[in-house]
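Source file: upload17.tsv (TSV, C-alpha atoms and all ligand atoms)
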```tsv
chain	number	residue	atom	x	y	z
A	1	MET	CA	-14.12	2.68	-0.27
A	2	GLU	CA	-12.22	2.22	2.98
A	3	PHE	CA	-10.79	-0.99	4.34
A	4	HIS	CA	-9.72	-1.01	7.97
A	5	VAL	CA	-7.85	-4.05	9.26
A	6	ILE	CA	-7.37	-4.89	12.91
A	7	THR	CA	-4.31	-7.12	13.08
A	8	LEU	CA	-1.32	-8.18	15.15
A	9	PHE	CA	0.83	-8.17	12.00
A	10	PRO	CA	0.27	-4.93	10.06
A	11	GLU	CA	3.62	-5.36	8.26
A	12	MET	CA	2.19	-8.37	6.40
A	13	PHE	CA	0.13	-5.93	4.33
A	14	ASP	CA	3.03	-3.88	2.96
A	15	SER	CA	3.82	-5.46	-0.40
A	16	PRO	CA	0.31	-6.44	-1.59
A	17	LEU	CA	-0.80	-2.85	-1.15
A	18	VAL	CA	2.04	-1.44	-3.19
A	19	GLY	CA	2.03	-3.66	-6.27
A	20	GLY	CA	-0.43	-4.29	-9.05
A	21	LEU	CA	-3.95	-3.05	-9.54
A	22	LEU	CA	-4.55	-2.60	-5.82
A	23	GLY	CA	-1.44	-0.46	-5.39
A	24	ARG	CA	-2.57	1.79	-8.21
A	25	ALA	CA	-6.08	2.06	-6.74
A	26	VAL	CA	-4.60	3.04	-3.36
A	27	ARG	CA	-2.35	5.67	-4.97
A	28	GLN	CA	-5.30	7.05	-6.95
A	29	GLY	CA	-7.32	7.32	-3.76
A	30	LEU	CA	-10.06	5.00	-5.03
A	31	VAL	CA	-9.31	2.65	-2.17
A	32	THR	CA	-8.02	3.45	1.31
A	33	VAL	CA	-6.48	0.76	3.50
A	34	ARG	CA	-5.80	1.54	7.14
A	35	LEU	CA	-4.07	-0.88	9.44
A	36	HIS	CA	-4.87	-0.85	13.14
A	37	PRO	CA	-2.28	-2.71	15.21
A	38	LEU	CA	-4.13	-4.76	17.79
A	39	ARG	CA	-1.08	-4.72	20.07
A	40	GLU	CA	-1.76	-1.04	20.81
A	41	HIS	CA	-4.92	-2.15	22.60
A	42	GLY	CA	-3.24	-5.01	24.47
A	43	LEU	CA	-3.63	-5.32	28.22
A	44	GLY	CA	-1.06	-4.34	30.83
A	45	ASN	CA	2.67	-3.67	30.53
A	46	TYR	CA	3.09	-6.62	28.18
A	47	ARG	CA	0.23	-5.49	25.91
A	48	GLN	CA	-1.31	-8.92	26.24
A	49	VAL	CA	-3.86	-9.90	23.58
A	50	ASP	CA	-4.34	-13.61	24.26
A	51	ASP	CA	-4.69	-16.07	27.10
A	52	THR	CA	-5.13	-19.76	27.84
A	53	PRO	CA	-8.55	-21.33	27.16
A	54	TYR	CA	-11.02	-21.80	30.00
A	55	GLY	CA	-11.66	-25.50	30.39
A	56	GLY	CA	-8.15	-26.36	29.27
A	57	GLY	CA	-6.79	-27.44	25.94
A	58	SER	CA	-3.87	-26.51	23.76
A	59	GLY	CA	-2.96	-23.14	22.35
A	60	MET	CA	-4.04	-19.63	23.12
A	61	VAL	CA	-7.27	-17.73	22.59
A	62	MET	CA	-7.54	-14.05	21.73
A	63	ARG	CA	-9.08	-12.03	24.54
A	64	PRO	CA	-12.14	-9.96	23.68
A	65	GLU	CA	-11.17	-6.62	25.30
A	66	PRO	CA	-8.32	-5.62	22.94
A	67	ILE	CA	-10.47	-6.43	19.91
A	68	ALA	CA	-13.41	-4.51	21.39
A	69	ALA	CA	-11.18	-1.51	22.13
A	70	ALA	CA	-9.68	-1.53	18.62
A	71	LEU	CA	-13.17	-1.79	17.08
A	72	ASP	CA	-14.50	1.05	19.27
A	73	SER	CA	-11.63	3.23	18.22
A	74	VAL	CA	-12.16	2.54	14.49
A	75	MET	CA	-15.95	2.86	14.67
A	76	SER	CA	-15.87	6.14	16.58
A	77	GLU	CA	-13.64	7.62	13.92
A	78	ARG	CA	-15.64	6.15	11.03
A	79	PRO	CA	-19.24	5.26	11.94
A	80	GLY	CA	-21.13	2.97	9.58
A	81	LEU	CA	-18.31	0.58	8.68
A	82	TRP	CA	-19.41	-3.04	8.17
A	83	ARG	CA	-17.66	-5.22	10.76
A	84	VAL	CA	-16.30	-8.55	9.56
A	85	LEU	CA	-14.60	-11.21	11.67
A	86	LEU	CA	-12.27	-13.44	9.69
A	87	THR	CA	-12.55	-17.00	10.89
A	88	PRO	CA	-12.51	-20.48	9.34
A	89	GLN	CA	-15.93	-20.89	10.99
A	90	GLY	CA	-17.48	-18.09	8.94
A	91	GLU	CA	-19.63	-18.13	5.84
A	92	VAL	CA	-17.43	-19.16	2.88
A	93	LEU	CA	-16.64	-16.22	0.61
A	94	ASP	CA	-17.90	-16.32	-2.97
A	95	GLN	CA	-18.38	-13.73	-5.70
A	96	SER	CA	-21.93	-12.96	-4.59
A	97	ILE	CA	-20.70	-12.13	-1.05
A	98	VAL	CA	-17.88	-10.08	-2.59
A	99	ARG	CA	-20.49	-8.04	-4.51
A	100	ASP	CA	-22.48	-7.46	-1.32
A	101	LEU	CA	-19.33	-6.31	0.50
A	102	ALA	CA	-18.49	-3.86	-2.30
A	103	ALA	CA	-21.83	-2.14	-1.65
A	104	ARG	CA	-21.10	-1.61	2.06
A	105	GLU	CA	-20.20	2.08	2.02
A	106	PRO	CA	-18.28	3.71	3.63
A	107	GLY	CA	-16.34	0.45	3.87
A	108	LEU	CA	-15.29	-2.55	5.95
A	109	VAL	CA	-13.47	-3.31	9.17
A	110	LEU	CA	-11.77	-6.67	8.88
A	111	ILE	CA	-10.67	-8.35	12.10
A	112	ALA	CA	-7.84	-10.83	11.56
A	113	GLY	CA	-7.76	-13.50	14.26
A	114	ARG	CA	-4.64	-15.41	15.23
A	115	TYR	CA	-3.72	-18.27	17.56
A	116	GLU	CA	-6.23	-21.06	18.07
A	117	GLY	CA	-9.15	-18.68	17.82
A	118	VAL	CA	-10.90	-15.70	19.31
A	119	ASP	CA	-13.07	-15.61	22.40
A	120	GLU	CA	-16.62	-16.57	21.42
A	121	ARG	CA	-17.98	-13.25	22.74
A	122	VAL	CA	-16.23	-11.32	19.96
A	123	ARG	CA	-18.88	-12.70	17.59
A	124	ALA	CA	-21.42	-10.41	19.25
A	125	LEU	CA	-19.38	-7.36	18.17
A	126	VAL	CA	-19.45	-7.96	14.41
A	127	ASP	CA	-21.93	-7.89	11.53
A	128	GLN	CA	-20.61	-10.91	9.64
A	129	GLU	CA	-18.14	-13.78	9.96
A	130	LEU	CA	-16.27	-14.83	6.83
A	131	SER	CA	-13.92	-17.64	5.85
A	132	ILE	CA	-12.07	-17.80	2.53
A	133	GLY	CA	-12.30	-21.58	2.18
A	134	ASP	CA	-12.17	-24.94	3.87
A	135	TYR	CA	-8.53	-25.05	4.92
A	136	VAL	CA	-6.62	-23.63	7.86
A	137	LEU	CA	-4.50	-20.48	7.88
A	138	SER	CA	-2.52	-19.37	10.92
A	139	GLY	CA	-4.32	-16.05	10.92
A	140	GLY	CA	-6.89	-13.95	9.15
A	141	GLU	CA	-4.37	-11.57	7.51
A	142	LEU	CA	-4.15	-13.36	4.18
A	143	ALA	CA	-7.93	-13.75	4.21
A	144	ALA	CA	-8.25	-9.98	4.75
A	145	MET	CA	-5.98	-9.34	1.76
A	146	VAL	CA	-8.01	-11.74	-0.38
A	147	ILE	CA	-11.19	-9.88	0.55
A	148	ILE	CA	-9.63	-6.45	-0.06
A	149	GLU	CA	-8.37	-7.54	-3.47
A	150	ALA	CA	-11.66	-9.17	-4.53
A	151	VAL	CA	-13.82	-6.25	-3.33
A	152	ALA	CA	-11.54	-3.45	-4.56
A	153	ARG	CA	-11.59	-4.67	-8.16
A	154	LEU	CA	-15.38	-4.18	-8.22
A	155	ILE	CA	-15.05	-0.49	-7.29
A	156	PRO	CA	-15.58	1.73	-10.33
A	157	GLY	CA	-12.27	2.93	-11.76
A	158	VAL	CA	-10.09	0.26	-10.16
A	159	LEU	CA	-10.17	-2.09	-13.16
A	160	GLY	CA	-8.73	-0.85	-16.44
A	161	ASN	CA	-11.55	-2.38	-18.47
A	162	PRO	CA	-14.82	-2.64	-16.53
A	163	GLN	CA	-16.38	-4.78	-19.29
A	164	SER	CA	-14.13	-7.64	-18.23
A	165	LEU	CA	-16.09	-7.72	-14.94
A	166	ASP	CA	-19.12	-8.98	-16.85
A	167	GLU	CA	-17.15	-11.65	-18.70
A	168	GLU	CA	-14.97	-13.14	-15.98
A	169	SER	CA	-15.44	-16.38	-14.09
A	170	PHE	CA	-18.37	-16.32	-11.60
A	171	ALA	CA	-19.85	-13.15	-13.11
A	172	HIS	CA	-22.89	-15.20	-14.09
A	173	GLY	CA	-22.32	-18.03	-11.64
A	174	MET	CA	-20.22	-19.90	-14.18
A	175	LEU	CA	-16.58	-20.38	-15.09
A	176	GLU	CA	-15.20	-18.28	-17.92
A	177	TYR	CA	-14.85	-19.57	-21.50
A	178	PRO	CA	-11.34	-20.54	-22.70
A	179	GLN	CA	-9.14	-17.66	-23.85
A	180	TYR	CA	-6.50	-17.65	-26.56
A	181	THR	CA	-3.97	-15.16	-27.86
A	182	ARG	CA	-1.09	-15.40	-30.33
A	183	PRO	CA	0.41	-17.62	-31.67
A	184	GLU	CA	-2.23	-19.46	-33.72
A	185	ASP	CA	-0.23	-22.64	-33.37
A	186	PHE	CA	1.61	-23.41	-30.12
A	187	HIS	CA	3.39	-26.79	-29.99
A	188	GLY	CA	0.83	-28.14	-32.45
A	189	MET	CA	-2.13	-26.91	-30.39
A	190	ARG	CA	-4.23	-24.67	-32.60
A	191	VAL	CA	-6.53	-21.81	-31.66
A	192	PRO	CA	-10.13	-22.95	-32.38
A	193	GLU	CA	-10.98	-21.95	-35.96
A	194	ILE	CA	-14.18	-20.21	-34.93
A	195	LEU	CA	-12.24	-17.54	-32.98
A	196	LEU	CA	-10.42	-16.59	-36.19
A	197	SER	CA	-13.64	-16.45	-38.22
A	198	GLY	CA	-14.68	-12.91	-37.34
A	199	ASP	CA	-18.30	-14.08	-36.94
A	200	HIS	CA	-19.15	-12.36	-33.65
A	201	GLU	CA	-22.51	-14.07	-33.11
A	202	LYS	CA	-21.01	-17.53	-33.67
A	203	ILE	CA	-18.12	-16.67	-31.34
A	204	ARG	CA	-20.53	-15.47	-28.63
A	205	ALA	CA	-22.56	-18.71	-28.88
A	206	TRP	CA	-19.39	-20.85	-28.86
A	207	ARG	CA	-18.09	-19.09	-25.77
A	208	GLU	CA	-21.39	-19.44	-23.94
A	209	ASN	CA	-21.46	-23.14	-24.73
A	210	GLN	CA	-17.83	-23.60	-23.67
A	211	ALA	CA	-18.48	-21.80	-20.37
A	212	ARG	CA	-21.48	-24.02	-19.70
A	213	GLU	CA	-19.70	-27.28	-20.58
A	214	ARG	CA	-16.61	-26.33	-18.64
A	215	THR	CA	-18.67	-25.42	-15.58
A	216	ALA	CA	-20.72	-28.63	-15.81
A	217	HIS	CA	-17.53	-30.68	-16.04
A	218	ARG	CA	-15.30	-28.90	-13.50
A	219	ARG	CA	-17.73	-27.21	-11.11
A	220	PRO	CA	-21.18	-28.79	-11.32
A	221	ASP	CA	-21.87	-27.30	-7.87
A	222	LEU	CA	-21.92	-23.83	-9.45
A	223	LEU	CA	-24.75	-24.75	-11.84
A	224	THR	CA	-26.97	-26.10	-9.08
A	225	ARG	CA	-26.30	-23.03	-6.89
A	226	ARG	CA	-26.66	-20.41	-9.60
A	227	LYS	CA	-28.44	-17.35	-8.29
A	228	GLN	CA	-29.38	-15.70	-11.56
B	1	LIG	CL1	-10.77	-16.14	7.58
B	1	LIG	N1	-8.93	-17.42	8.97
B	1	LIG	C1	-8.14	-18.47	9.22
B	1	LIG	N2	-7.34	-18.45	10.28
B	1	LIG	N3	-8.12	-19.56	8.46
B	1	LIG	C2	-8.92	-19.57	7.41
B	1	LIG	C3	-9.76	-18.50	7.07
B	1	LIG	C4	-9.75	-17.43	7.91
B	1	LIG	N4	-10.45	-18.82	5.96
B	1	LIG	C5	-10.02	-20.02	5.62
B	1	LIG	N5	-9.12	-20.49	6.47
```

Could I get this file's structure written as structure tokens?
Amino acid sequence: MEFHVITLFPEMFDSPLVGGLLGRAVRQGLVTVRLHPLREHGLGNYRQVDDTPYGGGSGMVMRPEPIAAALDSVMSERPGLWRVLLTPQGEVLDQSIVRDLAAREPGLVLIAGRYEGVDERVRALVDQELSIGDYVLSGGELAAMVIIEAVARLIPGVLGNPQSLDEESFAHGMLEYPQYTRPEDFHGMRVPEILLSGDHEKIRAWRENQARERTAHRRPDLLTRRKQ
């Protein structure tokens, strides 16, 4: 799967793409990330990408032409990419949206906005607008990395153990059950006896119950929204 990112700050993507699971997936060729510097499509001698808002107000707004030119260039090279504008006004990302994105072959173009926002007419150029949560970032770059990370780990071969995909939090619209490893006793806190019992059916039922109780207590919203 390919991820294309249109951004004013391509250097922000250096370290996340080198380390960890994602770095390995990139090196193995399972995932391709291409950065498209928006500045190259800026206007005039100063490569301008933003301007003051019509009607007044503080801050700057990203002009539509550089974004349109960058998108045209990416789309002509790679037709069929799913175009996503990253904005706090978008649909809020969750695991079900992540799954949908992972199915968008040949891949995604992520447009990272900056400044106080992008010109409203850019919305007409994209397939989807996404936010990563109800808080403000100075730009869409970190949101793009979050999306790349979340989508890439669903691509076959990226995760070491694909079975963990079915067990992790949100896989079934619930939080994951509590996990323990050695030691059996840590500062007087003991691993639940049932996990040491070797009774796999009892362990499965205990975990299911723990996941349900934990979700009801911490994230009741997930139980009311569950899609499956
Ligand atoms: Cl996608 N962009 C910005 N600038 N802030 C955000 C966001 C995106 N998602 C949450 N906050």

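Minimum distance to ligand LIG 1 (chain B) across A:Val136, A:Val109, A:Val118, A:Ala124 (counting all atoms listed in the file) occurs at A:Val136.
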
For chain A against ligand LIG 1 (chain B), with a cut-off of 6 Å and counting all atoms listed in the file, what is the closest atom pair and its distance in Å to one decimal for every residue that makes the cut, ordered by chain and number, as CSV?
```
residue,atom,partner,partner_atom,distance
A:Leu86,CA,B:LIG1,CL1,3.7
A:Thr87,CA,B:LIG1,CL1,3.9
A:Pro88,CA,B:LIG1,C3,4.1
A:Leu130,CA,B:LIG1,CL1,5.7
A:Ser131,CA,B:LIG1,N4,3.7
A:Ile132,CA,B:LIG1,N4,3.9
A:Gly133,CA,B:LIG1,C5,4.4
A:Asp134,CA,B:LIG1,C5,5.6
A:Tyr135,CA,B:LIG1,N5,4.9
A:Val136,CA,B:LIG1,N5,4.2
A:Leu137,CA,B:LIG1,N3,3.8
A:Ser138,CA,B:LIG1,N2,4.9
A:Gly139,CA,B:LIG1,N2,3.9
A:Gly140,CA,B:LIG1,N1,4.0
A:Ala143,CA,B:LIG1,CL1,5.0
```

Discussion item. At a cut-off of 10 Å, using only C-alpha atoms, what residues contact A:Ile6? Leave out same-chain residues fewer than 5 positions from it and give the result as a list of chain:residue names.
Written reply: A:Arg34, A:Leu35, A:His36, A:Pro37, A:Leu38, A:Arg39, A:Ile67, A:Ala70, A:Leu71, A:Val74, A:Leu85, A:Val109, A:Leu110, A:Ile111, A:Ala112, A:Gly113, A:Gly140, A:Glu141, A:Ala144

Fill in: Interatomic distance, atom CA of A:Val84 to atom CA of A:Gln128 (Å, one decimal)
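Atom-to-atom, atom CA of A:Val84 and atom CA of A:Gln128 are spaced 4.9 Å apart.
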
Discussion item. Quick check, in Å to one decimal: how far apart do atom CA of A:Glu77 and atom CA of A:Arg153 lie?
Written reply: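 Result for atom CA of A:Glu77 versus atom CA of A:Arg153: 25.4 Å, one decimal.
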
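Distances here use all atoms listed in the file; by that measure, the residue among A:Gly23, A:Pro192, A:Gly173, A:Gly160 closest to A:Leu222 is A:Gly173.
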
Worksheet item: Of the residues A:Val191, A:Leu223, A:Glu116, A:Arg204, which is the one nearest to A:Ser58, using all atoms listed in the file?
Response: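 That would be A:Glu116, the residue with the smallest distance to A:Ser58.
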
Item to complete: Please identify all polymer residues within 6 Å of stretch 175-189 of chain A, counting all atoms listed in the file, omitting same-chain residues fewer than 6 positions from it, and present them as a VMD selection string.
Response: chain A and resid 168 to 169 207 210 to 211 215

Practice prompt. Would you please work out which residue, of A:Leu17, A:His41, A:Glu129, A:Ala69, is nearest to A:Leu93 when using all atoms listed in the file?
Written response: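 The answer is A:Glu129, which sits nearest to A:Leu93.
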